[in-house]
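Okay, structure first, notes after.
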Amino acid sequence: MSIAIGSQTCYQTTPKALLTASRAELSALPLTLLDPNLPLPTDLQGYLFMIAPVGSVDSNGLPYKDGTPLFNGDGMVYRFDFSQPGTATVTTSITKTPDFYADLATKADTEYADHGFQNHGISRYGDSLGFRNQPNTAFMPFRFETDDRDRLLVMSDDGRPYEIDTQTLDLVTPIGSNQEWRPQATKLLPFFPVLSTSHPYFDAEQQELITVNYGRSIASFLTMIPALEEAEKLSEDWVKWLEAIARLIRLDTLVQFLAQGASKLSLELLHLFFKLLSELSGVSREDFVYLIRWDGQGDIERWRLVLPDGSPLAISQGLHQIGVTRNHIILVETAFVVGLSEILENPFPNAPDLAKLLRRFLAKAPASNSQVYLIRRSDLSKGQYPAQSDKEVKITVQPTEFPMEVLHFVADYDDSEGKVTLHVGHWCAGTASEWVRDYDVLAADHRTPVPEWLGGMHIRGTDIGRLSRYVIQPETGEVLEAKTMLDDPATWGVALYTFRDALPTQQPAHQIKTVYWYSEGVFPDLLTQFDIDLFKDYRYRLVPTETLLERAKAGLGQPACLFRLDTETMTIVDVYAFDCGTEPGGNSFVVNSPQFMPRAGAGDDPTDGYIACTVFVGERSQLWLFDGQDLAKGPICKLGHPELVFGSSLHTVWLPEVGQRTADYCVPVRQDYEALVKKKAKDWPAIETLFEEHVYPHFP
């Protein structure tokens, strides 16, 4: 089956603003009306929080000069204040974790520069300090019965969640100590990588915070090599790659082994290599997934997840988001791979020729079908408290699957009829784990390299996206109902969503009837030959690759859209298509980060409010407001300021009020890291001094 693309003229060029960000922190900066004919609504209220990566301590913001992906960077929290009628201000703050201060203290030309961090693809790593935790992706509001106001977590996929003070925007505490989280790799380094989810869930009805902690065994990396049978042709380069990994983790024994033998790559050699790597580095030998529950005050509680046959549940891609109903928890493997594999793909960032070669053989498209795992909440009794006991408690998941990749989804909380309902966005034939490299060429013309300034931008989907509603029988995993829709141009690159029932002070969304989504559109200058090759065999393709390429050669794309979906009829009932050029070189628009904000005095109507979103045009980043009941009429207010410069923004949340944190829960930084630091200081005594002088003083 295939569909025709609309014939509208739409010249698309990626705005430079999407890759430009300032690290300057702002305090109550008044925003400017960009169109005096579009004033602030008088019934606007509360606070909008947004987050975006803004580069590293040594990059001076974005763009990176070396093509590092945008997702690798410190998070900047933006708080837009609409609490005073007729005014709007913005305050910003970088998420300063303990490893942020260690990164800052080990910059080039500092006393501790030999212990500094480097970018390795999506991850940032230092071989004596470990892996950066860069909370830069999403928020989760929560409010336990003992709290006097809403609290806020900030997260990424590869680190512990951190609570922030909504008044000062300072990081206050991680949730769970280092002892309570199991790492993806060794605890031999002070900062070890932890895989979790950017979208945990707070259940206001049952007063529980639910999240996950998982890891992939080092041997599972073999499954990420799709061209293993051809690897013998590259024996010398593969050995260099293996040696680089060993040196990266400072395993001299392994380097000697590789230097002495390994003249020919084989599956047996790789198995032996990863076995040695596991034994010598402390990297996990097995896959693991833990479900975590937290009551807001004490130690975290967890359960080890296993399949019906008793084998450990293994996640081959990522758990970017989880879902929760009254009686079940849903894990969905998403088209975003994170973890140690990203470092293994790029152990030597300063060797571009070899990196290019390895990418060709290591890159792998996400699975076309999405793996889904359901857990009965009634099974969550008497779990393990890792801070108190090493004895694990296991519970069994019910696996199922549905077609096409997933980035984001949401579940109806109500499962009273014994059915779980999921509302899913399919970002088709694309992956958030890949980005434009400086050696990429345009798919429309193999002789033309991608514009240099686009290096680091994540790739887009190469097929039209879809939206689905799935009804699942949780006891058996049977998909009872599957309804899927698409729209040209609205669903090209379906990405993030927002909806009225997601407000933090309300009970969970029992039945979700209205969801707002945005789509990225199609930009020919981001369509690379690598993208086309990676997804050439995509099993659910609807738009022929040839059709996409014909339009790309003419500079034609598809516009970004903001739209409202009726989940009962599975139809788009309201849509706004952003402008695109009517001739080559014209202005193009990108939209990100939608957020529903209720009007003052709003009732239960899921459309009675405003949709805020970030908009990028040319070299300008802006905040636009739409009427939630009439998107089609276009923006009702546009805000900005020359000092407000943010790049590709990610998730958002709205809070009715902010205030100084009063909760008692806290994981002291010194107590959390002291044992790890002392262990590492046996090899490098300067590490202990670094923490004493540059890390501990920033935390109580």
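Residues in the structure tokens are named by chain (A, B, ... in the order shown) and by number from 1 within that chain; ligands are numbered from 1 in the order shown.
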Could you give me, as JSON lines, every range 149-228 of chain A residue with an atom at most 10 Å from range 69-78 of chain A, plus its closest atom pair and distance in Å to one decimal, counting only C-alpha atoms, rows ordered by chain then number?
```
{"residue": "A:Val154", "atom": "CA", "partner": "A:Val77", "partner_atom": "CA", "distance": 9.0}
{"residue": "A:Met155", "atom": "CA", "partner": "A:Gly75", "partner_atom": "CA", "distance": 9.4}
{"residue": "A:Ser156", "atom": "CA", "partner": "A:Gly75", "partner_atom": "CA", "distance": 9.2}
{"residue": "A:Ile164", "atom": "CA", "partner": "A:Val77", "partner_atom": "CA", "distance": 9.8}
{"residue": "A:Leu169", "atom": "CA", "partner": "A:Val77", "partner_atom": "CA", "distance": 7.5}
{"residue": "A:Asp170", "atom": "CA", "partner": "A:Val77", "partner_atom": "CA", "distance": 9.7}
```
Residues of range 356-551 of chain A in helix (DSSP H, G or I), written as a PyMOL selection string: chain A and resi 356-362+377-379+452-454+500-502+524-526+529-534+545-551
Selected residue, from A:Gln207, A:Thr462, A:Asn133, A:Gln45, that lies nearest to Phe530 in chain A when counting only C-alpha atoms: A:Thr462
Pairwise distance for CA of Arg359 in chain A and CA of Phe523 in chain A, rounded to one decimal in Å: 22.9 Å
Interatomic distance (Å, one decimal) between CA of Thr582 in chain A and CA of Leu526 in chain A: 18.8 Å
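Of the residues under consideration (A:Leu44, A:Ala429, A:Ala443, A:Val615), A:Ala443 shows the shortest atom-to-atom contact distance to Ala554 in chain A when counting only C-alpha atoms.
The residue that comes closest to Thr547 in chain A, out of A:Ile464, A:Val617, A:Glu417, A:Asp309 and on the basis of only C-alpha atoms, is A:Ile464.
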Contacts of range 141-152 of chain A at 9 Å (only C-alpha atoms; same-chain gap of 2+ positions) as a PyMOL selection string: chain A and resi 139+154+162-166+201-204+207-209+295-296+503-505+653-659+661-663
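From CA of Tyr497 in chain A back to CA of Gln12 in chain A, the distance works out to 23.1 Å.
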10 Å contact set for Pro36 in chain A, only C-alpha atoms, chain neighbours under 4 positions out, as a PyMOL selection string: chain A and resi 32+40+637-638
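Within the 8 Å cut-off around His458 in chain A, using only C-alpha atoms and omitting residues fewer than 3 positions from it on the same chain, the listed residues are Pro69, Leu70, Ala432, Ser433, Glu434, Trp435 and Val436 of chain A.
Residues in contact range of Thr87 in chain A, defined as at most 10 Å between only C-alpha atoms, with sequence neighbours fewer than 2 positions away removed, read Pro30, Leu31, Thr32, Leu33, Pro39, Leu40, Pro41, Thr42, Leu44, Asp81, Phe82, Ser83, Gln84, Pro85 and Thr89 of chain A.
The smallest atom-to-atom distance between Thr498 in chain A and any of A:Ser128, A:Thr97, A:Gln595, A:Ser378, using only C-alpha atoms, is found for A:Gln595.
The environment of His423 in chain A within 6 Å, counting only C-alpha atoms and disregarding residues fewer than 3 places along the same chain, consists of Phe409, Val410, Ser468 and Arg469 of chain A.
Distance check against Leu467 in chain A using only C-alpha atoms: of A:Ile395, A:Met570, A:Ile322, A:Val441, the minimum falls on A:Met570.
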